[in-house]
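Asker: Contents are compact mmCIF, C-alpha atoms; file name upload00.txt:
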```txt
# COMPACT_ATOMS: atom_id res chain seq x y z
CA MET A 19 -88.78 -148.61 54.10
CA SER A 20 -87.59 -152.08 55.10
CA TYR A 21 -88.25 -155.17 53.01
CA LEU A 22 -90.90 -156.32 55.47
CA ASP A 23 -92.62 -152.92 55.51
CA LYS A 24 -92.65 -152.74 51.72
CA LEU A 25 -93.99 -156.27 51.32
CA PHE A 26 -96.96 -155.68 53.63
CA SER A 27 -97.56 -151.98 52.95
CA VAL A 28 -101.01 -150.61 52.15
CA ALA A 29 -99.88 -146.99 52.47
CA GLY A 30 -101.70 -144.67 50.12
CA LYS A 31 -104.44 -147.15 49.24
CA THR A 32 -108.13 -146.29 49.39
CA ALA A 33 -110.56 -148.82 50.84
CA LEU A 34 -114.26 -149.25 51.53
CA VAL A 35 -115.31 -151.51 54.40
CA THR A 36 -119.03 -152.13 54.83
CA GLY A 37 -120.49 -152.85 58.24
CA ALA A 38 -117.32 -151.50 59.80
CA ALA A 39 -118.71 -149.80 62.91
CA THR A 40 -118.44 -153.00 64.95
CA GLY A 41 -116.89 -156.45 65.11
CA ILE A 42 -114.72 -157.86 62.36
CA GLY A 43 -115.42 -154.91 60.05
CA ARG A 44 -114.01 -152.53 62.61
CA MET A 45 -110.97 -154.79 63.06
CA VAL A 46 -110.36 -154.68 59.30
CA ALA A 47 -110.76 -150.91 59.14
CA THR A 48 -108.49 -150.40 62.14
CA ALA A 49 -105.70 -152.45 60.57
CA LEU A 50 -105.89 -150.58 57.27
CA VAL A 51 -105.94 -147.13 58.88
CA ARG A 52 -103.05 -147.93 61.20
CA ALA A 53 -101.06 -149.20 58.20
CA GLY A 54 -101.54 -146.05 56.14
CA ALA A 55 -104.68 -146.51 54.04
CA THR A 56 -107.61 -144.14 53.61
CA VAL A 57 -110.65 -146.12 54.73
CA MET A 58 -114.30 -145.35 54.12
CA ILE A 59 -116.46 -146.91 56.83
CA ALA A 60 -120.11 -147.41 55.96
CA SER A 61 -123.05 -149.08 57.68
CA ARG A 62 -126.74 -148.46 58.24
CA LYS A 63 -126.04 -146.34 61.31
CA GLY A 64 -124.11 -143.42 59.88
CA GLU A 65 -123.59 -141.75 63.24
CA ASP A 66 -121.80 -144.84 64.51
CA CYS A 67 -119.53 -144.81 61.46
CA VAL A 68 -118.66 -141.15 62.01
CA ARG A 69 -117.85 -141.89 65.64
CA VAL A 70 -115.71 -144.92 64.82
CA ALA A 71 -113.84 -143.02 62.11
CA SER A 72 -113.06 -140.30 64.64
CA GLU A 73 -111.84 -142.89 67.14
CA LEU A 74 -109.59 -144.53 64.56
CA ASN A 75 -108.15 -141.19 63.48
CA ALA A 76 -107.39 -140.37 67.12
CA GLN A 77 -105.20 -143.49 67.40
CA GLY A 78 -102.47 -141.75 65.43
CA GLY A 79 -102.04 -144.23 62.58
CA ASP A 80 -100.54 -143.32 59.24
CA GLY A 81 -103.88 -143.48 57.42
CA ARG A 82 -107.26 -141.89 57.97
CA ALA A 83 -110.89 -142.93 58.21
CA GLU A 84 -114.11 -141.42 56.88
CA GLY A 85 -117.45 -142.57 58.24
CA PHE A 86 -120.90 -142.25 56.68
CA ALA A 87 -124.19 -144.11 56.28
CA GLY A 88 -124.50 -146.92 53.77
CA ASP A 89 -127.29 -149.49 53.61
CA VAL A 90 -126.65 -152.53 51.41
CA SER A 91 -129.96 -154.24 52.18
CA SER A 92 -131.72 -152.83 49.10
CA GLU A 93 -130.97 -151.88 45.50
CA THR A 94 -131.60 -148.20 46.23
CA GLY A 95 -129.38 -148.34 49.29
CA ILE A 96 -126.52 -149.85 47.28
CA ALA A 97 -126.95 -147.18 44.58
CA ALA A 98 -126.77 -144.45 47.21
CA LEU A 99 -123.65 -145.97 48.76
CA VAL A 100 -121.92 -146.24 45.39
CA ALA A 101 -122.78 -142.62 44.63
CA GLU A 102 -121.33 -141.52 47.97
CA VAL A 103 -118.11 -143.45 47.36
CA LYS A 104 -117.74 -141.92 43.89
CA VAL A 105 -118.02 -138.45 45.40
CA ARG A 106 -115.11 -139.25 47.69
CA THR A 107 -112.74 -141.08 45.32
CA ASP A 108 -112.17 -141.97 41.68
CA ARG A 109 -110.39 -145.24 42.45
CA LEU A 110 -110.79 -148.02 44.96
CA HIS A 111 -107.86 -150.28 45.80
CA VAL A 112 -109.69 -152.41 48.36
CA LEU A 113 -113.35 -153.38 48.82
CA VAL A 114 -114.25 -155.38 51.92
CA ASN A 115 -117.80 -156.74 51.79
CA ASN A 116 -118.21 -157.22 55.52
CA ALA A 117 -121.83 -156.21 56.18
CA GLY A 118 -123.89 -159.19 57.22
CA ILE A 119 -126.83 -160.33 59.29
CA SER A 120 -128.02 -163.57 60.83
CA TRP A 121 -131.25 -165.14 62.05
CA GLY A 122 -131.63 -167.79 64.69
CA ALA A 123 -134.62 -170.05 65.23
CA SER A 124 -135.31 -173.71 65.67
CA LEU A 125 -135.88 -175.88 62.63
CA GLU A 126 -139.61 -176.09 63.39
CA GLU A 127 -140.02 -172.33 63.79
CA PHE A 128 -137.56 -170.94 61.24
CA PRO A 129 -139.50 -168.28 59.27
CA TYR A 130 -139.78 -168.18 55.50
CA HIS A 131 -138.86 -164.50 55.21
CA ALA A 132 -135.59 -165.01 57.10
CA TRP A 133 -134.09 -166.60 54.01
CA ALA A 134 -134.68 -163.63 51.70
CA LYS A 135 -133.60 -161.14 54.36
CA VAL A 136 -130.33 -162.89 55.19
CA PHE A 137 -129.44 -163.77 51.61
CA GLY A 138 -130.26 -160.20 50.54
CA VAL A 139 -127.56 -158.71 52.75
CA ASN A 140 -125.07 -161.56 52.88
CA VAL A 141 -125.03 -162.61 49.22
CA THR A 142 -127.06 -160.37 46.91
CA ALA A 143 -125.47 -157.19 48.25
CA VAL A 144 -121.97 -158.63 47.86
CA PHE A 145 -122.58 -159.25 44.17
CA HIS A 146 -124.33 -155.99 43.36
CA LEU A 147 -122.07 -153.67 45.36
CA THR A 148 -118.96 -155.26 43.87
CA ARG A 149 -120.34 -155.02 40.35
CA GLU A 150 -121.35 -151.38 40.76
CA LEU A 151 -117.90 -150.46 42.10
CA LEU A 152 -116.02 -152.23 39.30
CA PRO A 153 -115.14 -148.96 37.50
CA LEU A 154 -113.36 -147.71 40.62
CA LEU A 155 -111.64 -151.06 41.18
CA ASP A 156 -110.56 -151.13 37.53
CA ALA A 157 -109.09 -147.65 37.91
CA ALA A 158 -106.91 -148.80 40.81
CA ALA A 159 -105.84 -152.16 39.36
CA SER A 160 -102.49 -152.93 37.75
CA ASP A 161 -100.39 -155.97 36.88
CA GLU A 162 -98.00 -155.24 39.74
CA ASP A 163 -100.65 -154.36 42.31
CA PRO A 164 -104.14 -155.72 41.65
CA ALA A 165 -107.22 -154.19 43.22
CA ARG A 166 -108.57 -156.37 46.03
CA VAL A 167 -112.01 -157.62 47.02
CA ILE A 168 -112.42 -159.44 50.32
CA ASN A 169 -115.76 -161.01 51.16
CA LEU A 170 -116.77 -162.12 54.64
CA GLY A 171 -117.63 -165.77 54.71
CA SER A 172 -117.60 -167.97 57.79
CA VAL A 173 -116.42 -171.28 59.13
CA MET A 174 -120.14 -172.07 59.13
CA GLY A 175 -119.99 -171.84 55.34
CA THR A 176 -117.34 -174.56 55.22
CA GLN A 177 -118.81 -176.96 57.80
CA PRO A 178 -122.28 -178.58 57.80
CA LEU A 179 -123.29 -176.86 61.01
CA ALA A 180 -126.35 -174.65 61.48
CA ASP A 181 -126.55 -173.79 65.20
CA ASP A 182 -130.16 -172.74 64.42
CA ALA A 183 -128.84 -170.18 61.86
CA TYR A 184 -129.97 -172.05 58.77
CA SER A 185 -130.12 -169.15 56.33
CA TYR A 186 -126.85 -167.71 57.65
CA THR A 187 -124.80 -170.86 57.20
CA ALA A 188 -126.22 -171.43 53.71
CA SER A 189 -125.58 -167.79 52.78
CA LYS A 190 -121.92 -168.02 53.82
CA ALA A 191 -121.43 -171.13 51.69
CA ALA A 192 -122.88 -169.09 48.83
CA VAL A 193 -120.43 -166.27 49.58
CA HIS A 194 -117.54 -168.72 49.30
CA HIS A 195 -118.75 -170.01 45.94
CA LEU A 196 -119.44 -166.50 44.65
CA THR A 197 -115.92 -165.50 45.73
CA ARG A 198 -114.38 -168.25 43.61
CA THR A 199 -116.64 -167.41 40.68
CA LEU A 200 -115.73 -163.72 40.70
CA ALA A 201 -112.05 -164.50 41.25
CA ILE A 202 -111.77 -166.25 37.90
CA GLU A 203 -113.95 -163.68 36.11
CA PHE A 204 -112.01 -160.69 37.50
CA ALA A 205 -108.51 -162.11 37.06
CA ALA A 206 -108.09 -160.57 33.61
CA ARG A 207 -109.07 -157.20 35.10
CA ARG A 208 -106.25 -157.56 37.65
CA ILE A 209 -108.67 -157.70 40.58
CA THR A 210 -108.24 -160.42 43.18
CA VAL A 211 -111.24 -161.79 45.05
CA ASN A 212 -110.81 -163.71 48.28
CA ALA A 213 -112.87 -164.45 51.37
CA PHE A 214 -112.28 -164.66 55.07
CA ALA A 215 -113.90 -167.64 56.79
CA PRO A 216 -113.69 -166.61 60.46
CA GLY A 217 -114.47 -168.75 63.44
CA PRO A 218 -115.77 -167.17 66.67
CA PHE A 219 -114.82 -163.55 67.34
CA GLN A 220 -116.36 -161.02 69.71
CA SER A 221 -118.88 -158.97 67.75
CA ARG A 222 -122.43 -157.71 67.92
CA MET A 223 -123.58 -160.79 66.00
CA THR A 224 -121.99 -163.21 68.47
CA ALA A 225 -122.62 -161.15 71.62
CA PHE A 226 -125.17 -163.71 72.83
CA ALA A 227 -122.27 -166.16 73.27
CA THR A 228 -119.08 -164.08 73.57
CA ALA A 229 -120.04 -160.83 75.29
CA THR A 230 -118.20 -161.56 78.53
CA GLU A 231 -114.69 -162.88 79.01
CA GLU A 232 -116.13 -165.95 80.71
CA GLN A 233 -118.39 -166.65 77.73
CA ALA A 234 -115.55 -166.03 75.27
CA LYS A 235 -113.32 -168.46 77.17
CA HIS A 236 -116.08 -171.07 77.17
CA VAL A 237 -116.52 -170.79 73.39
CA GLY A 238 -112.75 -170.73 72.93
CA ASN A 239 -112.45 -174.05 74.72
CA HIS A 240 -114.19 -175.66 71.72
CA VAL A 241 -111.56 -174.27 69.31
CA PRO A 242 -108.49 -176.46 68.61
CA LEU A 243 -106.12 -173.56 69.39
CA GLY A 244 -108.00 -172.95 72.64
CA ARG A 245 -109.28 -169.39 72.20
CA ILE A 246 -111.57 -167.20 70.11
CA GLY A 247 -110.10 -164.84 67.53
CA GLY A 248 -108.84 -161.34 68.24
CA PRO A 249 -108.18 -158.09 66.35
CA ASP A 250 -104.60 -158.96 65.38
CA ASP A 251 -105.78 -162.20 63.76
CA ILE A 252 -108.00 -160.19 61.42
CA ALA A 253 -105.37 -157.46 60.98
CA GLY A 254 -102.70 -159.90 59.85
CA ALA A 255 -104.97 -161.55 57.30
CA THR A 256 -106.16 -158.18 56.03
CA LEU A 257 -102.70 -156.72 55.51
CA TYR A 258 -101.54 -159.93 53.85
CA LEU A 259 -104.31 -160.00 51.25
CA CYS A 260 -104.31 -156.24 50.61
CA SER A 261 -100.55 -155.75 50.27
CA ARG A 262 -97.88 -156.88 47.82
CA ALA A 263 -97.55 -160.02 49.93
CA GLY A 264 -100.98 -161.24 48.78
CA SER A 265 -101.02 -159.95 45.22
CA TYR A 266 -100.79 -163.45 43.70
CA VAL A 267 -103.63 -164.89 45.79
CA THR A 268 -107.14 -165.04 44.38
CA GLY A 269 -110.10 -167.36 44.85
CA ALA A 270 -108.95 -168.32 48.34
CA ILE A 271 -111.27 -168.95 51.27
CA LEU A 272 -108.93 -168.10 54.14
CA PRO A 273 -109.84 -169.84 57.41
CA ILE A 274 -109.28 -167.61 60.44
CA ASP A 275 -110.76 -170.05 62.89
CA GLY A 276 -108.10 -171.57 65.12
CA GLY A 277 -108.41 -174.92 63.34
CA GLN A 278 -112.17 -175.35 63.40
CA SER A 279 -112.44 -175.89 59.65
CA VAL A 280 -110.46 -179.12 60.02
CA GLN A 281 -111.98 -180.15 63.34
CA HIS A 282 -113.99 -183.36 63.49
CA GLY A 283 -117.28 -182.94 65.33
CA MET A 284 -116.99 -179.14 65.46
CA THR A 285 -119.23 -177.11 67.77
CA LEU A 286 -119.61 -173.36 68.05
CA PHE A 287 -122.17 -171.91 70.43
CA LYS A 288 -124.36 -174.90 71.29
CA GLU A 289 -123.22 -177.72 73.52
```
What do you get writing this file as structure tokens?
Answerer:
Amino acid sequence: MSYLDKLFSVAGKTALVTGAATGIGRMVATALVRAGATVMIASRKGEDCVRVASELNAQGGDGRAEGFAGDVSSETGIAALVAEVKVRTDRLHVLVNNAGISWGASLEEFPYHAWAKVFGVNVTAVFHLTRELLPLLDAAASDEDPARVINLGSVMGTQPLADDAYSYTASKAAVHHLTRTLAIEFAARRITVNAFAPGPFQSRMTAFATATEEQAKHVGNHVPLGRIGGPDDIAGATLYLCSRAGSYVTGAILPIDGGQSVQHGMTLFKE
């Protein structure tokens, strides 16, 4: 194994990626499987996870994927997911809290219940699922190779921009703060906690604005680097944080946004 391969290797690691049947979660899972990890893919639609796992395994990577249902929107759903993970492994090297939802409505019409719903999946589930999986993360952690937690934040959690997604943008700011809080609390356990803060990528959540190449190009024109993000952008960040290369990084909110987090007068989907 070359120096570069060893530095960025995740071979032999076991990971759980929530919400991994589509979008950024699938990009994360794909990178880990292709690089040699065993990846559990879980989301509310179990049949989609089984299908995606089969598709990833057919790509011929060095790792393998397992797909099954997992709903993080309730306490009972999280308990069931944790139980399923414990049946499949006794240690977890990587946890990626990717599952998330959004809600869009004008300021005048934004519904009260949209706050609890969005915060329940985007923030509450991140805390409770991570806490319940701590025994498995502890079992995988060491001084030389900490266990890793990656939470999905957003550029909208770093910039004061709502785009009519008021509960979403507030929830992602909360994810960033929770990430830093857990990073310091878990450091002694040799578990790193970081967050991705992506800009626009093609996904089910952003399909209203990026579904076609023409739409994606239009949104990309608002990004300093001139394009929306792609699978390799997520893959590179994932392998960095999950490998030896990222073992000394914790509490970081990693912008994967083409420069939007430092852009004055940033726009995303609205003109």
Asker: By how many Å are atom CA of A:Gln220 and atom CA of A:Gly41 apart?
Answerer: 6.5 Å
Asker: What's the separation between atom CA of A:Leu25 and atom CA of A:Ala201, in Å to one decimal place?
Answerer: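 We find that atom CA of A:Leu25 and atom CA of A:Ala201 lie 22.3 Å from each other.
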Asker: List the spatial neighbours of A:Val68 as a PyMOL selection string - criterion: any atom at most 7 Å away, all atoms listed in the file, same-chain residues fewer than 3 positions off excluded.
Answerer: chain A and resi 64-65+71-72+84-86
Asker: So, with all atoms listed in the file as the atoms that count, which of A:Leu200, A:Ala229, A:Leu170, A:Val139 lies closest to A:Val46?
Answerer: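 Using all atoms listed in the file, the shortest distance to A:Val46 belongs to A:Leu170.
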Asker: Write out as a PyMOL selection string each polymer residue whose atoms come within 6 Å of stretch 250-261 of chain A, counting all atoms listed in the file; drop sequence neighbours fewer than 5 positions from it.
Answerer: chain A and resi 26-28+46+49
Asker: One decimal, Å: what's the distance from atom CA of A:Pro273 over to atom CA of A:Ser221, could you say?
Answerer: 17.5 Å
Asker: Counting only C-alpha atoms, write as a ChimeraX atom specification all protein and nucleic acid residues lying at most 9 Å from (-130.2, -168.8, 64.5) in the file's frame.
Answerer: /A:120-124,128,180-186
Asker: List as a ChimeraX atom specification the protein and nucleic acid residues near A:Tyr266, meaning an atom at most 12 Å away when only C-alpha atoms are counted, but skip any in the same chain fewer than 5 places from it.
Answerer: /A:161-166,201,205,208-212,258-261
Asker: Need to verify the contact set: A:Arg69, 12 Å, only C-alpha atoms, exclusion of same-chain residues closer than 5 positions in sequence. Can you return it as an MDAnalysis selection string?
Answerer: chainID A and resid 38:40 44 59:61 63:64 74:76 83:87
Asker: For A:Gly88, work out the shell of residues within 10 Å, counting only C-alpha atoms and skipping chain neighbours fewer than 6 positions away, then give it as a tab-separated table (two decimals) with C-alpha atoms, in the frame of the given file.
Answerer:
```
chain	number	residue	atom	x	y	z
A	36	THR	CA	-119.03	-152.13	54.83
A	37	GLY	CA	-120.49	-152.85	58.24
A	59	ILE	CA	-116.46	-146.91	56.83
A	60	ALA	CA	-120.11	-147.41	55.96
A	61	SER	CA	-123.05	-149.08	57.68
A	62	ARG	CA	-126.74	-148.46	58.24
A	63	LYS	CA	-126.04	-146.34	61.31
A	64	GLY	CA	-124.11	-143.42	59.88
A	67	CYS	CA	-119.53	-144.81	61.46
A	95	GLY	CA	-129.38	-148.34	49.29
A	96	ILE	CA	-126.52	-149.85	47.28
A	97	ALA	CA	-126.95	-147.18	44.58
A	98	ALA	CA	-126.77	-144.45	47.21
A	99	LEU	CA	-123.65	-145.97	48.76
A	100	VAL	CA	-121.92	-146.24	45.39
A	102	GLU	CA	-121.33	-141.52	47.97
A	103	VAL	CA	-118.11	-143.45	47.36
A	117	ALA	CA	-121.83	-156.21	56.18
```
Asker: Counting all atoms listed in the file, which of A:Val114, A:Ile274, A:Thr285, A:Glu203 gets nearest to A:His236?
Answerer: A:Thr285
Asker: Find, counting all atoms listed in the file, the residue in A:Gln281, A:Val70, A:Ile42, A:Leu179 that gets nearest to A:Thr224.
Answerer: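 Ranked by minimum distance to A:Thr224, first place goes to A:Ile42.
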Asker: Which of these, A:Val35, A:Ile168, A:Ala29, A:Ala132, has the shortest distance to A:Ala188 once you count only C-alpha atoms?
Answerer: A:Ala132
Asker: For A:Lys190, which residue out of A:Val136, A:Asn239, A:Met223, A:Ala157 is the nearest one, using only C-alpha atoms?
Answerer: A:Val136
Asker: Box time for stretch 136-154 of chain A: axis-aligned, enclosing all its listed atoms, 3 Å extra on each side; report centre and edge lengths in Å to one decimal, as AutoDock Vina command-line options.
Answerer:
```
--center_x -121.8 --center_y -155.7 --center_z 46.3 --size_x 23.0 --size_y 22.1 --size_z 23.7
```
Asker: For each of A:Ser279, A:Ser20, A:Thr32, A:Ser160, take the minimum atom-to-atom distance to A:Val173, counting all atoms listed in the file, then give the residue where this is smallest.
Answerer: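 With all atoms listed in the file as the atom set, the closest residue is A:Ser279.
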Asker: Will you model all heavy atoms for stretch 137-148 of chain A and pass it back as a CSV table (one decimal), keeping the file's coordinate frame?
Answerer:
```csv
chain,number,residue,atom,x,y,z
A,137,PHE,N,-130.1,-163.7,52.9
A,137,PHE,CA,-129.4,-163.8,51.6
A,137,PHE,C,-129.3,-162.4,50.9
A,137,PHE,O,-128.4,-162.2,50.2
A,137,PHE,CB,-130.2,-164.8,50.7
A,137,PHE,CG,-129.6,-166.2,50.8
A,137,PHE,CD1,-129.9,-167.0,51.9
A,137,PHE,CD2,-128.8,-166.7,49.8
A,137,PHE,CE1,-129.4,-168.2,52.0
A,137,PHE,CE2,-128.3,-168.0,49.9
A,137,PHE,CZ,-128.6,-168.8,51.0
A,138,GLY,N,-130.3,-161.5,51.2
A,138,GLY,CA,-130.3,-160.2,50.5
A,138,GLY,C,-129.0,-159.4,51.0
A,138,GLY,O,-128.4,-158.8,50.1
A,139,VAL,N,-128.7,-159.5,52.2
A,139,VAL,CA,-127.6,-158.7,52.8
A,139,VAL,C,-126.3,-159.5,52.6
A,139,VAL,O,-125.3,-158.9,52.1
A,139,VAL,CB,-127.8,-158.4,54.2
A,139,VAL,CG1,-126.5,-157.7,54.8
A,139,VAL,CG2,-129.0,-157.4,54.4
A,140,ASN,N,-126.3,-160.8,52.8
A,140,ASN,CA,-125.1,-161.6,52.9
A,140,ASN,C,-124.6,-162.0,51.5
A,140,ASN,O,-123.4,-162.2,51.4
A,140,ASN,CB,-125.3,-162.8,53.8
A,140,ASN,CG,-125.5,-162.5,55.2
A,140,ASN,OD1,-125.5,-161.3,55.6
A,140,ASN,ND2,-125.6,-163.5,56.0
A,141,VAL,N,-125.4,-162.1,50.5
A,141,VAL,CA,-125.0,-162.6,49.2
A,141,VAL,C,-125.4,-161.6,48.1
A,141,VAL,O,-124.5,-161.2,47.4
A,141,VAL,CB,-125.7,-164.0,48.9
A,141,VAL,CG1,-125.1,-164.5,47.6
A,141,VAL,CG2,-125.5,-165.0,50.0
A,142,THR,N,-126.6,-161.3,48.0
A,142,THR,CA,-127.1,-160.4,46.9
A,142,THR,C,-126.3,-159.1,46.9
A,142,THR,O,-125.8,-158.6,45.9
A,142,THR,CB,-128.6,-160.1,47.0
A,142,THR,OG1,-129.3,-161.4,47.0
A,142,THR,CG2,-129.0,-159.3,45.8
A,143,ALA,N,-126.2,-158.5,48.1
A,143,ALA,CA,-125.5,-157.2,48.2
A,143,ALA,C,-124.0,-157.3,47.9
A,143,ALA,O,-123.4,-156.4,47.3
A,143,ALA,CB,-125.6,-156.7,49.7
A,144,VAL,N,-123.4,-158.4,48.2
A,144,VAL,CA,-122.0,-158.6,47.9
A,144,VAL,C,-121.8,-158.6,46.4
A,144,VAL,O,-120.9,-157.9,45.8
A,144,VAL,CB,-121.5,-160.0,48.4
A,144,VAL,CG1,-120.1,-160.3,47.8
A,144,VAL,CG2,-121.4,-160.0,49.9
A,145,PHE,N,-122.7,-159.3,45.6
A,145,PHE,CA,-122.6,-159.2,44.2
A,145,PHE,C,-122.8,-157.9,43.6
A,145,PHE,O,-122.0,-157.4,42.8
A,145,PHE,CB,-123.6,-160.3,43.6
A,145,PHE,CG,-123.6,-160.2,42.1
A,145,PHE,CD1,-122.7,-160.9,41.3
A,145,PHE,CD2,-124.6,-159.5,41.4
A,145,PHE,CE1,-122.7,-160.9,39.9
A,145,PHE,CE2,-124.7,-159.4,40.0
A,145,PHE,CZ,-123.7,-160.1,39.3
A,146,HIS,N,-123.9,-157.3,44.0
A,146,HIS,CA,-124.3,-156.0,43.4
A,146,HIS,C,-123.4,-154.8,43.7
A,146,HIS,O,-123.1,-154.0,42.9
A,146,HIS,CB,-125.8,-155.7,43.7
A,146,HIS,CG,-126.8,-156.5,42.9
A,146,HIS,ND1,-127.1,-156.1,41.6
A,146,HIS,CD2,-127.4,-157.6,43.2
A,146,HIS,CE1,-128.0,-157.0,41.2
A,146,HIS,NE2,-128.2,-157.9,42.1
A,147,LEU,N,-123.0,-154.8,45.0
A,147,LEU,CA,-122.1,-153.7,45.4
A,147,LEU,C,-120.7,-153.8,44.6
A,147,LEU,O,-120.2,-152.8,44.1
A,147,LEU,CB,-121.9,-153.7,46.9
A,147,LEU,CG,-120.9,-152.6,47.4
A,147,LEU,CD1,-121.5,-151.2,47.1
A,147,LEU,CD2,-120.7,-152.7,48.9
A,148,THR,N,-120.2,-155.0,44.6
A,148,THR,CA,-119.0,-155.3,43.9
A,148,THR,C,-119.1,-154.9,42.4
A,148,THR,O,-118.2,-154.2,41.9
A,148,THR,CB,-118.5,-156.7,44.0
A,148,THR,OG1,-118.4,-157.1,45.4
A,148,THR,CG2,-117.2,-157.0,43.3
```
